[in-house]
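File shown: structure_20.cif. Contents: mmCIF, N, CA, C and O atoms.
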```
data_target
#
loop_
_atom_site.group_PDB
_atom_site.id
_atom_site.type_symbol
_atom_site.label_atom_id
_atom_site.label_comp_id
_atom_site.auth_asym_id
_atom_site.auth_seq_id
_atom_site.Cartn_x
_atom_site.Cartn_y
_atom_site.Cartn_z
ATOM 1 N N MET A 615 33.703 9.051 -17.334
ATOM 2 C CA MET A 615 34.468 7.891 -17.760
ATOM 3 C C MET A 615 34.001 7.489 -19.153
ATOM 4 O O MET A 615 32.819 7.375 -19.419
ATOM 5 N N SER A 616 34.926 7.276 -20.037
ATOM 6 C CA SER A 616 34.576 6.955 -21.415
ATOM 7 C C SER A 616 34.217 5.479 -21.554
ATOM 8 O O SER A 616 34.553 4.650 -20.723
ATOM 9 N N HIS A 617 33.528 5.180 -22.630
ATOM 10 C CA HIS A 617 33.134 3.800 -22.920
ATOM 11 C C HIS A 617 34.364 2.917 -23.116
ATOM 12 O O HIS A 617 34.376 1.770 -22.695
ATOM 13 N N LEU A 618 35.376 3.449 -23.738
ATOM 14 C CA LEU A 618 36.616 2.698 -23.959
ATOM 15 C C LEU A 618 37.247 2.303 -22.636
ATOM 16 O O LEU A 618 37.720 1.190 -22.467
ATOM 17 N N THR A 619 37.221 3.194 -21.671
ATOM 18 C CA THR A 619 37.791 2.903 -20.366
ATOM 19 C C THR A 619 37.031 1.779 -19.684
ATOM 20 O O THR A 619 37.620 0.904 -19.062
ATOM 21 N N ILE A 620 35.722 1.779 -19.805
ATOM 22 C CA ILE A 620 34.918 0.711 -19.217
ATOM 23 C C ILE A 620 35.247 -0.624 -19.875
ATOM 24 O O ILE A 620 35.389 -1.644 -19.202
ATOM 25 N N GLU A 621 35.388 -0.616 -21.185
ATOM 26 C CA GLU A 621 35.749 -1.854 -21.888
ATOM 27 C C GLU A 621 37.110 -2.353 -21.428
ATOM 28 O O GLU A 621 37.296 -3.560 -21.228
ATOM 29 N N ALA A 622 38.067 -1.464 -21.251
ATOM 30 C CA ALA A 622 39.398 -1.856 -20.782
ATOM 31 C C ALA A 622 39.312 -2.447 -19.378
ATOM 32 O O ALA A 622 39.991 -3.434 -19.061
ATOM 33 N N MET A 623 38.476 -1.864 -18.543
ATOM 34 C CA MET A 623 38.303 -2.390 -17.190
ATOM 35 C C MET A 623 37.676 -3.779 -17.228
ATOM 36 O O MET A 623 38.085 -4.679 -16.478
ATOM 37 N N GLU A 624 36.689 -3.969 -18.098
ATOM 38 C CA GLU A 624 36.061 -5.281 -18.208
ATOM 39 C C GLU A 624 37.055 -6.336 -18.667
ATOM 40 O O GLU A 624 37.059 -7.464 -18.162
ATOM 41 N N GLN A 625 37.907 -5.979 -19.612
ATOM 42 C CA GLN A 625 38.925 -6.925 -20.082
ATOM 43 C C GLN A 625 39.902 -7.258 -18.965
ATOM 44 O O GLN A 625 40.311 -8.408 -18.793
ATOM 45 N N ALA A 626 40.287 -6.245 -18.174
ATOM 46 C CA ALA A 626 41.208 -6.485 -17.062
ATOM 47 C C ALA A 626 40.547 -7.371 -16.007
ATOM 48 O O ALA A 626 41.190 -8.273 -15.450
ATOM 49 N N LEU A 627 39.266 -7.158 -15.754
ATOM 50 C CA LEU A 627 38.555 -7.984 -14.776
ATOM 51 C C LEU A 627 38.494 -9.443 -15.213
ATOM 52 O O LEU A 627 38.576 -10.357 -14.391
ATOM 53 N N ASP A 628 38.331 -9.653 -16.517
ATOM 54 C CA ASP A 628 38.282 -11.021 -17.036
ATOM 55 C C ASP A 628 39.584 -11.778 -16.784
ATOM 56 O O ASP A 628 39.585 -13.000 -16.706
ATOM 57 N N GLN A 629 40.673 -11.063 -16.650
ATOM 58 C CA GLN A 629 41.981 -11.696 -16.461
ATOM 59 C C GLN A 629 42.302 -11.955 -14.985
ATOM 60 O O GLN A 629 43.276 -12.642 -14.677
ATOM 61 N N LEU A 630 41.486 -11.449 -14.079
ATOM 62 C CA LEU A 630 41.740 -11.626 -12.650
ATOM 63 C C LEU A 630 41.216 -12.960 -12.141
ATOM 64 O O LEU A 630 40.288 -13.536 -12.697
ATOM 65 N N LYS A 631 41.804 -13.419 -11.057
ATOM 66 C CA LYS A 631 41.326 -14.622 -10.384
ATOM 67 C C LYS A 631 40.031 -14.284 -9.654
ATOM 68 O O LYS A 631 39.785 -13.119 -9.307
ATOM 69 N N PRO A 632 39.177 -15.271 -9.408
ATOM 70 C CA PRO A 632 37.911 -15.002 -8.712
ATOM 71 C C PRO A 632 38.091 -14.279 -7.368
ATOM 72 O O PRO A 632 37.313 -13.378 -7.050
ATOM 73 N N ALA A 633 39.093 -14.635 -6.603
ATOM 74 C CA ALA A 633 39.314 -13.970 -5.313
ATOM 75 C C ALA A 633 39.611 -12.483 -5.507
ATOM 76 O O ALA A 633 39.153 -11.639 -4.726
ATOM 77 N N GLU A 634 40.337 -12.155 -6.565
ATOM 78 C CA GLU A 634 40.646 -10.748 -6.849
ATOM 79 C C GLU A 634 39.387 -10.007 -7.328
ATOM 80 O O GLU A 634 39.178 -8.848 -6.992
ATOM 81 N N GLN A 635 38.557 -10.696 -8.109
ATOM 82 C CA GLN A 635 37.307 -10.088 -8.554
ATOM 83 C C GLN A 635 36.387 -9.803 -7.361
ATOM 84 O O GLN A 635 35.754 -8.751 -7.297
ATOM 85 N N TRP A 636 36.325 -10.723 -6.397
ATOM 86 C CA TRP A 636 35.524 -10.507 -5.197
ATOM 87 C C TRP A 636 36.046 -9.308 -4.397
ATOM 88 O O TRP A 636 35.262 -8.534 -3.843
ATOM 89 N N ARG A 637 37.347 -9.177 -4.339
ATOM 90 C CA ARG A 637 37.945 -8.046 -3.612
ATOM 91 C C ARG A 637 37.539 -6.720 -4.262
ATOM 92 O O ARG A 637 37.197 -5.754 -3.579
ATOM 93 N N ILE A 638 37.550 -6.671 -5.579
ATOM 94 C CA ILE A 638 37.139 -5.457 -6.293
ATOM 95 C C ILE A 638 35.652 -5.191 -6.076
ATOM 96 O O ILE A 638 35.237 -4.054 -5.840
ATOM 97 N N LEU A 639 34.857 -6.249 -6.146
ATOM 98 C CA LEU A 639 33.427 -6.093 -5.923
ATOM 99 C C LEU A 639 33.148 -5.555 -4.519
ATOM 100 O O LEU A 639 32.334 -4.646 -4.336
ATOM 101 N N ASP A 640 33.844 -6.089 -3.534
ATOM 102 C CA ASP A 640 33.687 -5.618 -2.164
ATOM 103 C C ASP A 640 34.029 -4.133 -2.050
ATOM 104 O O ASP A 640 33.316 -3.361 -1.408
ATOM 105 N N ARG A 641 35.087 -3.720 -2.707
ATOM 106 C CA ARG A 641 35.490 -2.307 -2.689
ATOM 107 C C ARG A 641 34.452 -1.422 -3.373
ATOM 108 O O ARG A 641 34.110 -0.343 -2.890
ATOM 109 N N LEU A 642 33.929 -1.868 -4.510
ATOM 110 C CA LEU A 642 32.902 -1.101 -5.219
ATOM 111 C C LEU A 642 31.637 -0.943 -4.379
ATOM 112 O O LEU A 642 31.051 0.138 -4.316
ATOM 113 N N LEU A 643 31.227 -2.019 -3.713
ATOM 114 C CA LEU A 643 30.041 -1.940 -2.860
ATOM 115 C C LEU A 643 30.260 -0.964 -1.713
ATOM 116 O O LEU A 643 29.376 -0.190 -1.358
ATOM 117 N N PHE A 644 31.456 -0.985 -1.131
ATOM 118 C CA PHE A 644 31.789 -0.048 -0.058
ATOM 119 C C PHE A 644 31.694 1.394 -0.561
ATOM 120 O O PHE A 644 31.092 2.247 0.091
ATOM 121 N N LEU A 645 32.248 1.660 -1.734
ATOM 122 C CA LEU A 645 32.211 3.012 -2.290
ATOM 123 C C LEU A 645 30.791 3.450 -2.621
ATOM 124 O O LEU A 645 30.403 4.599 -2.383
ATOM 125 N N LEU A 646 29.991 2.544 -3.170
ATOM 126 C CA LEU A 646 28.603 2.872 -3.497
ATOM 127 C C LEU A 646 27.795 3.198 -2.241
ATOM 128 O O LEU A 646 26.991 4.124 -2.235
ATOM 129 N N LYS A 647 28.014 2.442 -1.175
ATOM 130 C CA LYS A 647 27.310 2.719 0.077
ATOM 131 C C LYS A 647 27.708 4.082 0.628
ATOM 132 O O LYS A 647 26.864 4.833 1.103
ATOM 133 N N GLN A 648 28.994 4.393 0.568
ATOM 134 C CA GLN A 648 29.466 5.690 1.067
ATOM 135 C C GLN A 648 28.875 6.830 0.255
ATOM 136 O O GLN A 648 28.380 7.803 0.808
ATOM 137 N N ASN A 649 28.928 6.727 -1.058
ATOM 138 C CA ASN A 649 28.419 7.794 -1.918
ATOM 139 C C ASN A 649 26.915 7.947 -1.782
ATOM 140 O O ASN A 649 26.398 9.057 -1.784
ATOM 141 N N GLY A 650 26.202 6.859 -1.666
ATOM 142 C CA GLY A 650 24.762 6.916 -1.536
ATOM 143 C C GLY A 650 24.331 7.589 -0.250
ATOM 144 O O GLY A 650 23.370 8.348 -0.228
ATOM 145 N N SER A 651 25.044 7.349 0.832
ATOM 146 C CA SER A 651 24.643 7.956 2.103
ATOM 147 C C SER A 651 24.931 9.449 2.125
ATOM 148 O O SER A 651 24.284 10.196 2.839
ATOM 149 N N ARG A 652 25.884 9.899 1.360
ATOM 150 C CA ARG A 652 26.196 11.327 1.321
ATOM 151 C C ARG A 652 25.243 12.097 0.416
ATOM 152 O O ARG A 652 24.963 13.252 0.653
ATOM 153 N N GLN A 653 24.761 11.464 -0.625
ATOM 154 C CA GLN A 653 23.967 12.173 -1.622
ATOM 155 C C GLN A 653 22.490 12.282 -1.245
ATOM 156 O O GLN A 653 21.858 13.267 -1.541
ATOM 157 N N ARG A 654 21.939 11.280 -0.598
ATOM 158 C CA ARG A 654 20.498 11.276 -0.344
ATOM 159 C C ARG A 654 20.227 11.346 1.144
ATOM 160 O O ARG A 654 20.477 10.404 1.860
ATOM 161 N N GLN A 655 19.707 12.456 1.562
ATOM 162 C CA GLN A 655 19.281 12.624 2.939
ATOM 163 C C GLN A 655 17.759 12.468 2.991
ATOM 164 O O GLN A 655 17.066 12.943 2.099
ATOM 165 N N PRO A 656 17.236 11.823 4.034
ATOM 166 C CA PRO A 656 15.784 11.689 4.133
ATOM 167 C C PRO A 656 15.108 13.057 4.181
ATOM 168 O O PRO A 656 15.636 13.994 4.759
ATOM 169 N N GLN A 657 13.950 13.137 3.542
ATOM 170 C CA GLN A 657 13.198 14.385 3.519
ATOM 171 C C GLN A 657 11.826 14.162 4.138
ATOM 172 O O GLN A 657 11.278 13.067 4.098
ATOM 173 N N ASP A 658 11.291 15.213 4.706
ATOM 174 C CA ASP A 658 9.967 15.168 5.283
ATOM 175 C C ASP A 658 8.933 15.055 4.161
ATOM 176 O O ASP A 658 8.869 15.909 3.277
ATOM 177 N N LEU A 659 8.137 13.988 4.161
ATOM 178 C CA LEU A 659 7.169 13.775 3.086
ATOM 179 C C LEU A 659 6.105 14.865 3.040
ATOM 180 O O LEU A 659 5.626 15.227 1.976
ATOM 181 N N PHE A 660 5.733 15.417 4.187
ATOM 182 C CA PHE A 660 4.749 16.499 4.176
ATOM 183 C C PHE A 660 5.287 17.688 3.395
ATOM 184 O O PHE A 660 4.570 18.297 2.614
ATOM 185 N N GLY A 661 6.542 18.006 3.585
ATOM 186 C CA GLY A 661 7.139 19.122 2.864
ATOM 187 C C GLY A 661 7.229 18.875 1.372
ATOM 188 O O GLY A 661 7.022 19.774 0.563
ATOM 189 N N ILE A 662 7.496 17.659 0.984
ATOM 190 C CA ILE A 662 7.632 17.329 -0.434
ATOM 191 C C ILE A 662 6.283 17.392 -1.143
ATOM 192 O O ILE A 662 6.160 17.923 -2.238
ATOM 193 N N TRP A 663 5.223 16.867 -0.506
ATOM 194 C CA TRP A 663 3.911 16.750 -1.147
ATOM 195 C C TRP A 663 2.943 17.866 -0.775
ATOM 196 O O TRP A 663 1.796 17.857 -1.201
ATOM 197 N N LYS A 664 3.401 18.827 0.012
ATOM 198 C CA LYS A 664 2.515 19.863 0.540
ATOM 199 C C LYS A 664 1.683 20.547 -0.551
ATOM 200 O O LYS A 664 0.483 20.698 -0.418
ATOM 201 N N ASP A 665 2.297 20.933 -1.641
ATOM 202 C CA ASP A 665 1.583 21.622 -2.713
ATOM 203 C C ASP A 665 1.375 20.724 -3.939
ATOM 204 O O ASP A 665 1.142 21.208 -5.036
ATOM 205 N N GLY A 666 1.453 19.419 -3.749
ATOM 206 C CA GLY A 666 1.351 18.485 -4.867
ATOM 207 C C GLY A 666 -0.059 18.184 -5.327
ATOM 208 O O GLY A 666 -0.255 17.644 -6.406
ATOM 209 N N PHE A 667 -1.060 18.519 -4.514
ATOM 210 C CA PHE A 667 -2.446 18.222 -4.853
ATOM 211 C C PHE A 667 -3.291 19.480 -4.688
ATOM 212 O O PHE A 667 -2.994 20.326 -3.853
ATOM 213 N N PRO A 668 -4.387 19.570 -5.440
ATOM 214 C CA PRO A 668 -5.284 20.720 -5.281
ATOM 215 C C PRO A 668 -5.886 20.745 -3.869
ATOM 216 O O PRO A 668 -6.032 19.706 -3.233
ATOM 217 N N LYS A 669 -6.249 21.908 -3.397
ATOM 218 C CA LYS A 669 -6.818 22.053 -2.047
ATOM 219 C C LYS A 669 -8.131 21.296 -1.902
ATOM 220 O O LYS A 669 -8.450 20.811 -0.829
ATOM 221 N N ASP A 670 -8.913 21.164 -2.995
ATOM 222 C CA ASP A 670 -10.208 20.491 -2.915
ATOM 223 C C ASP A 670 -10.124 18.988 -3.239
ATOM 224 O O ASP A 670 -11.133 18.340 -3.478
ATOM 225 N N PHE A 671 -8.939 18.438 -3.244
ATOM 226 C CA PHE A 671 -8.743 17.018 -3.542
ATOM 227 C C PHE A 671 -9.332 16.171 -2.416
ATOM 228 O O PHE A 671 -9.005 16.350 -1.248
ATOM 229 N N ASP A 672 -10.219 15.236 -2.779
ATOM 230 C CA ASP A 672 -10.880 14.372 -1.795
ATOM 231 C C ASP A 672 -10.255 12.981 -1.868
ATOM 232 O O ASP A 672 -10.597 12.170 -2.737
ATOM 233 N N ILE A 673 -9.352 12.700 -0.953
ATOM 234 C CA ILE A 673 -8.629 11.432 -0.982
ATOM 235 C C ILE A 673 -9.570 10.249 -0.761
ATOM 236 O O ILE A 673 -9.421 9.199 -1.379
ATOM 237 N N ASP A 674 -10.566 10.407 0.116
ATOM 238 C CA ASP A 674 -11.495 9.306 0.366
ATOM 239 C C ASP A 674 -12.294 8.949 -0.881
ATOM 240 O O ASP A 674 -12.505 7.769 -1.182
ATOM 241 N N LYS A 675 -12.736 9.942 -1.620
ATOM 242 C CA LYS A 675 -13.481 9.706 -2.861
ATOM 243 C C LYS A 675 -12.600 8.993 -3.882
ATOM 244 O O LYS A 675 -13.033 8.037 -4.535
ATOM 245 N N GLU A 676 -11.368 9.440 -4.035
ATOM 246 C CA GLU A 676 -10.455 8.812 -4.993
ATOM 247 C C GLU A 676 -10.165 7.363 -4.615
ATOM 248 O O GLU A 676 -10.152 6.479 -5.475
ATOM 249 N N LEU A 677 -9.913 7.114 -3.337
ATOM 250 C CA LEU A 677 -9.645 5.748 -2.895
ATOM 251 C C LEU A 677 -10.871 4.853 -3.107
ATOM 252 O O LEU A 677 -10.741 3.688 -3.496
ATOM 253 N N TYR A 678 -12.068 5.385 -2.860
ATOM 254 C CA TYR A 678 -13.280 4.611 -3.090
ATOM 255 C C TYR A 678 -13.385 4.211 -4.567
ATOM 256 O O TYR A 678 -13.683 3.054 -4.892
ATOM 257 N N GLU A 679 -13.117 5.151 -5.449
ATOM 258 C CA GLU A 679 -13.187 4.859 -6.883
ATOM 259 C C GLU A 679 -12.157 3.816 -7.292
ATOM 260 O O GLU A 679 -12.446 2.911 -8.081
ATOM 261 N N ILE A 680 -10.971 3.923 -6.751
ATOM 262 C CA ILE A 680 -9.920 2.951 -7.074
ATOM 263 C C ILE A 680 -10.316 1.562 -6.582
ATOM 264 O O ILE A 680 -10.183 0.564 -7.292
ATOM 265 N N ARG A 681 -10.824 1.497 -5.361
ATOM 266 C CA ARG A 681 -11.152 0.209 -4.751
ATOM 267 C C ARG A 681 -12.383 -0.452 -5.365
ATOM 268 O O ARG A 681 -12.539 -1.673 -5.287
ATOM 269 N N HIS A 682 -13.268 0.337 -5.970
ATOM 270 C CA HIS A 682 -14.513 -0.229 -6.475
ATOM 271 C C HIS A 682 -14.628 -0.202 -8.002
ATOM 272 O O HIS A 682 -15.656 -0.611 -8.539
ATOM 273 N N ALA A 683 -13.599 0.230 -8.691
ATOM 274 C CA ALA A 683 -13.647 0.303 -10.156
ATOM 275 C C ALA A 683 -13.834 -1.078 -10.781
ATOM 276 O O ALA A 683 -14.494 -1.218 -11.812
ATOM 277 N N TRP A 684 -13.302 -2.102 -10.163
ATOM 278 C CA TRP A 684 -13.401 -3.450 -10.716
ATOM 279 C C TRP A 684 -14.832 -3.982 -10.687
ATOM 280 O O TRP A 684 -15.180 -4.862 -11.471
ATOM 281 N N GLU A 685 -15.674 -3.455 -9.798
ATOM 282 C CA GLU A 685 -17.030 -3.984 -9.667
ATOM 283 C C GLU A 685 -17.845 -3.806 -10.947
ATOM 284 O O GLU A 685 -18.593 -4.706 -11.347
ATOM 285 N N ALA A 686 -17.693 -2.664 -11.601
ATOM 286 C CA ALA A 686 -18.424 -2.432 -12.853
ATOM 287 C C ALA A 686 -17.942 -3.406 -13.929
ATOM 288 O O ALA A 686 -18.760 -3.939 -14.699
ATOM 289 N N GLU A 687 -16.676 -3.663 -13.970
ATOM 290 C CA GLU A 687 -16.149 -4.623 -14.947
ATOM 291 C C GLU A 687 -16.658 -6.031 -14.638
ATOM 292 O O GLU A 687 -16.985 -6.801 -15.530
ATOM 293 N N TRP A 688 -16.731 -6.394 -13.375
ATOM 294 C CA TRP A 688 -17.179 -7.710 -12.966
ATOM 295 C C TRP A 688 -18.646 -7.920 -13.360
ATOM 296 O O TRP A 688 -19.019 -8.983 -13.849
ATOM 297 N N GLU A 689 -19.475 -6.886 -13.136
ATOM 298 C CA GLU A 689 -20.892 -6.988 -13.476
ATOM 299 C C GLU A 689 -21.075 -7.165 -14.992
ATOM 300 O O GLU A 689 -21.948 -7.906 -15.436
ATOM 301 N N SER A 690 -20.248 -6.514 -15.793
ATOM 302 C CA SER A 690 -20.382 -6.653 -17.248
ATOM 303 C C SER A 690 -19.967 -8.054 -17.710
ATOM 304 O O SER A 690 -20.468 -8.551 -18.713
ATOM 305 N N LEU A 691 -19.094 -8.712 -16.986
ATOM 306 C CA LEU A 691 -18.702 -10.084 -17.335
ATOM 307 C C LEU A 691 -19.779 -11.097 -16.968
ATOM 308 O O LEU A 691 -19.909 -12.132 -17.614
ATOM 309 N N GLU A 692 -20.550 -10.826 -15.919
ATOM 310 C CA GLU A 692 -21.579 -11.752 -15.486
ATOM 311 C C GLU A 692 -22.783 -11.762 -16.432
ATOM 312 O O GLU A 692 -23.505 -12.736 -16.516
ATOM 313 N N ALA A 693 -23.002 -10.669 -17.114
ATOM 314 C CA ALA A 693 -24.199 -10.543 -17.979
ATOM 315 C C ALA A 693 -24.081 -11.348 -19.240
ATOM 316 O O ALA A 693 -23.207 -11.942 -19.652
#
```

Translate this structure into structure tokens?
Amino acid sequence: MSHLTIEAMEQALDQLKPAEQWRILDRLLFLLKQNGSRQRQPQDLFGIWKDGFPKDFDIDKELYEIRHAWEAEWESLEA
């Protein structure tokens, strides 16, 4: 759809009564819901992330570092 077409649609919408604008909005939402459900199917997260990390990745170590990184900053502020 070209930019000119969108501008023409916006001008036409400006000329409609509020009830007509709501009707169009309702139709657009219906179409978006239909298209969205057809395009995106749920995927198994294990399959998606299976090869996303190195085999020696230690999740517990990483989480510990994330959770305790602020402590070093806090100690430097107290001094």

In Å, rounded to a single decimal, give me how far CA of His617 in chain A is from CA of Arg637 in chain A.
->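 So the two atoms, CA of Arg637 in chain A and CA of His617 in chain A, lie 23.2 Å apart.
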
What is the CA of Leu643 in chain A-CA of Ala626 in chain A distance in Å, reported with one decimal?
->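 Answer for the CA of Leu643 in chain A to CA of Ala626 in chain A separation: 18.6 Å.
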
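Atom C of Asp665 in chain A lies 20.9 Å from atom O of Leu677 in chain A.
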
Just save range 633-658 of chain A with N, CA, C and O atoms, as a PDB file, in the first residue's frame.
```
ATOM      1  N   ALA A 633     -19.526   7.056  14.907  1.00  0.00           N
ATOM      2  CA  ALA A 633     -20.066   5.691  14.877  1.00  0.00           C
ATOM      3  C   ALA A 633     -19.494   4.903  13.698  1.00  0.00           C
ATOM      4  O   ALA A 633     -19.196   3.708  13.820  1.00  0.00           O
ATOM      5  N   GLU A 634     -19.300   5.574  12.573  1.00  0.00           N
ATOM      6  CA  GLU A 634     -18.725   4.907  11.397  1.00  0.00           C
ATOM      7  C   GLU A 634     -17.234   4.609  11.623  1.00  0.00           C
ATOM      8  O   GLU A 634     -16.735   3.572  11.204  1.00  0.00           O
ATOM      9  N   GLN A 635     -16.543   5.528  12.293  1.00  0.00           N
ATOM     10  CA  GLN A 635     -15.137   5.292  12.606  1.00  0.00           C
ATOM     11  C   GLN A 635     -14.985   4.094  13.551  1.00  0.00           C
ATOM     12  O   GLN A 635     -14.087   3.272  13.377  1.00  0.00           O
ATOM     13  N   TRP A 636     -15.873   3.970  14.537  1.00  0.00           N
ATOM     14  CA  TRP A 636     -15.841   2.827  15.444  1.00  0.00           C
ATOM     15  C   TRP A 636     -16.090   1.518  14.686  1.00  0.00           C
ATOM     16  O   TRP A 636     -15.472   0.493  14.983  1.00  0.00           O
ATOM     17  N   ARG A 637     -16.988   1.565  13.735  1.00  0.00           N
ATOM     18  CA  ARG A 637     -17.284   0.365  12.937  1.00  0.00           C
ATOM     19  C   ARG A 637     -16.044  -0.073  12.154  1.00  0.00           C
ATOM     20  O   ARG A 637     -15.721  -1.260  12.084  1.00  0.00           O
ATOM     21  N   ILE A 638     -15.329   0.876  11.584  1.00  0.00           N
ATOM     22  CA  ILE A 638     -14.101   0.558  10.846  1.00  0.00           C
ATOM     23  C   ILE A 638     -13.035   0.021  11.796  1.00  0.00           C
ATOM     24  O   ILE A 638     -12.344  -0.954  11.492  1.00  0.00           O
ATOM     25  N   LEU A 639     -12.914   0.658  12.952  1.00  0.00           N
ATOM     26  CA  LEU A 639     -11.941   0.196  13.933  1.00  0.00           C
ATOM     27  C   LEU A 639     -12.243  -1.238  14.368  1.00  0.00           C
ATOM     28  O   LEU A 639     -11.343  -2.079  14.455  1.00  0.00           O
ATOM     29  N   ASP A 640     -13.507  -1.528  14.610  1.00  0.00           N
ATOM     30  CA  ASP A 640     -13.908  -2.877  14.988  1.00  0.00           C
ATOM     31  C   ASP A 640     -13.533  -3.886  13.905  1.00  0.00           C
ATOM     32  O   ASP A 640     -13.013  -4.965  14.190  1.00  0.00           O
ATOM     33  N   ARG A 641     -13.750  -3.525  12.662  1.00  0.00           N
ATOM     34  CA  ARG A 641     -13.401  -4.408  11.541  1.00  0.00           C
ATOM     35  C   ARG A 641     -11.892  -4.618  11.445  1.00  0.00           C
ATOM     36  O   ARG A 641     -11.411  -5.730  11.225  1.00  0.00           O
ATOM     37  N   LEU A 642     -11.119  -3.551  11.613  1.00  0.00           N
ATOM     38  CA  LEU A 642      -9.659  -3.663  11.570  1.00  0.00           C
ATOM     39  C   LEU A 642      -9.131  -4.563  12.685  1.00  0.00           C
ATOM     40  O   LEU A 642      -8.252  -5.397  12.463  1.00  0.00           O
ATOM     41  N   LEU A 643      -9.684  -4.411  13.885  1.00  0.00           N
ATOM     42  CA  LEU A 643      -9.256  -5.257  14.998  1.00  0.00           C
ATOM     43  C   LEU A 643      -9.576  -6.719  14.724  1.00  0.00           C
ATOM     44  O   LEU A 643      -8.780  -7.610  15.009  1.00  0.00           O
ATOM     45  N   PHE A 644     -10.747  -6.977  14.150  1.00  0.00           N
ATOM     46  CA  PHE A 644     -11.126  -8.344  13.790  1.00  0.00           C
ATOM     47  C   PHE A 644     -10.132  -8.925  12.783  1.00  0.00           C
ATOM     48  O   PHE A 644      -9.660 -10.050  12.946  1.00  0.00           O
ATOM     49  N   LEU A 645      -9.782  -8.152  11.767  1.00  0.00           N
ATOM     50  CA  LEU A 645      -8.842  -8.627  10.752  1.00  0.00           C
ATOM     51  C   LEU A 645      -7.454  -8.859  11.332  1.00  0.00           C
ATOM     52  O   LEU A 645      -6.778  -9.840  11.002  1.00  0.00           O
ATOM     53  N   LEU A 646      -7.006  -7.967  12.205  1.00  0.00           N
ATOM     54  CA  LEU A 646      -5.692  -8.126  12.830  1.00  0.00           C
ATOM     55  C   LEU A 646      -5.634  -9.382  13.697  1.00  0.00           C
ATOM     56  O   LEU A 646      -4.640 -10.101  13.695  1.00  0.00           O
ATOM     57  N   LYS A 647      -6.702  -9.652  14.434  1.00  0.00           N
ATOM     58  CA  LYS A 647      -6.739 -10.860  15.258  1.00  0.00           C
ATOM     59  C   LYS A 647      -6.692 -12.107  14.386  1.00  0.00           C
ATOM     60  O   LYS A 647      -6.000 -13.067  14.706  1.00  0.00           O
ATOM     61  N   GLN A 648      -7.436 -12.093  13.289  1.00  0.00           N
ATOM     62  CA  GLN A 648      -7.445 -13.248  12.385  1.00  0.00           C
ATOM     63  C   GLN A 648      -6.070 -13.470  11.776  1.00  0.00           C
ATOM     64  O   GLN A 648      -5.566 -14.585  11.755  1.00  0.00           O
ATOM     65  N   ASN A 649      -5.457 -12.419  11.271  1.00  0.00           N
ATOM     66  CA  ASN A 649      -4.150 -12.545  10.630  1.00  0.00           C
ATOM     67  C   ASN A 649      -3.079 -12.949  11.627  1.00  0.00           C
ATOM     68  O   ASN A 649      -2.202 -13.744  11.313  1.00  0.00           O
ATOM     69  N   GLY A 650      -3.130 -12.420  12.820  1.00  0.00           N
ATOM     70  CA  GLY A 650      -2.146 -12.749  13.829  1.00  0.00           C
ATOM     71  C   GLY A 650      -2.214 -14.205  14.240  1.00  0.00           C
ATOM     72  O   GLY A 650      -1.194 -14.848  14.453  1.00  0.00           O
ATOM     73  N   SER A 651      -3.408 -14.757  14.332  1.00  0.00           N
ATOM     74  CA  SER A 651      -3.520 -16.153  14.756  1.00  0.00           C
ATOM     75  C   SER A 651      -3.054 -17.108  13.668  1.00  0.00           C
ATOM     76  O   SER A 651      -2.631 -18.215  13.952  1.00  0.00           O
ATOM     77  N   ARG A 652      -3.121 -16.704  12.432  1.00  0.00           N
ATOM     78  CA  ARG A 652      -2.670 -17.567  11.341  1.00  0.00           C
ATOM     79  C   ARG A 652      -1.158 -17.526  11.166  1.00  0.00           C
ATOM     80  O   ARG A 652      -0.556 -18.496  10.758  1.00  0.00           O
ATOM     81  N   GLN A 653      -0.549 -16.402  11.458  1.00  0.00           N
ATOM     82  CA  GLN A 653       0.870 -16.231  11.173  1.00  0.00           C
ATOM     83  C   GLN A 653       1.773 -16.783  12.276  1.00  0.00           C
ATOM     84  O   GLN A 653       2.832 -17.292  11.997  1.00  0.00           O
ATOM     85  N   ARG A 654       1.363 -16.684  13.521  1.00  0.00           N
ATOM     86  CA  ARG A 654       2.255 -17.065  14.617  1.00  0.00           C
ATOM     87  C   ARG A 654       1.689 -18.255  15.363  1.00  0.00           C
ATOM     88  O   ARG A 654       0.700 -18.138  16.049  1.00  0.00           O
ATOM     89  N   GLN A 655       2.346 -19.362  15.221  1.00  0.00           N
ATOM     90  CA  GLN A 655       1.995 -20.555  15.970  1.00  0.00           C
ATOM     91  C   GLN A 655       2.981 -20.696  17.132  1.00  0.00           C
ATOM     92  O   GLN A 655       4.166 -20.438  16.962  1.00  0.00           O
ATOM     93  N   PRO A 656       2.504 -21.122  18.303  1.00  0.00           N
ATOM     94  CA  PRO A 656       3.426 -21.304  19.422  1.00  0.00           C
ATOM     95  C   PRO A 656       4.508 -22.327  19.083  1.00  0.00           C
ATOM     96  O   PRO A 656       4.254 -23.298  18.388  1.00  0.00           O
ATOM     97  N   GLN A 657       5.710 -22.060  19.573  1.00  0.00           N
ATOM     98  CA  GLN A 657       6.829 -22.961  19.328  1.00  0.00           C
ATOM     99  C   GLN A 657       7.377 -23.461  20.657  1.00  0.00           C
ATOM    100  O   GLN A 657       7.288 -22.789  21.677  1.00  0.00           O
ATOM    101  N   ASP A 658       7.937 -24.644  20.621  1.00  0.00           N
ATOM    102  CA  ASP A 658       8.554 -25.223  21.793  1.00  0.00           C
ATOM    103  C   ASP A 658       9.836 -24.454  22.119  1.00  0.00           C
ATOM    104  O   ASP A 658      10.741 -24.363  21.289  1.00  0.00           O
TER     105      ASP A 658
END
```
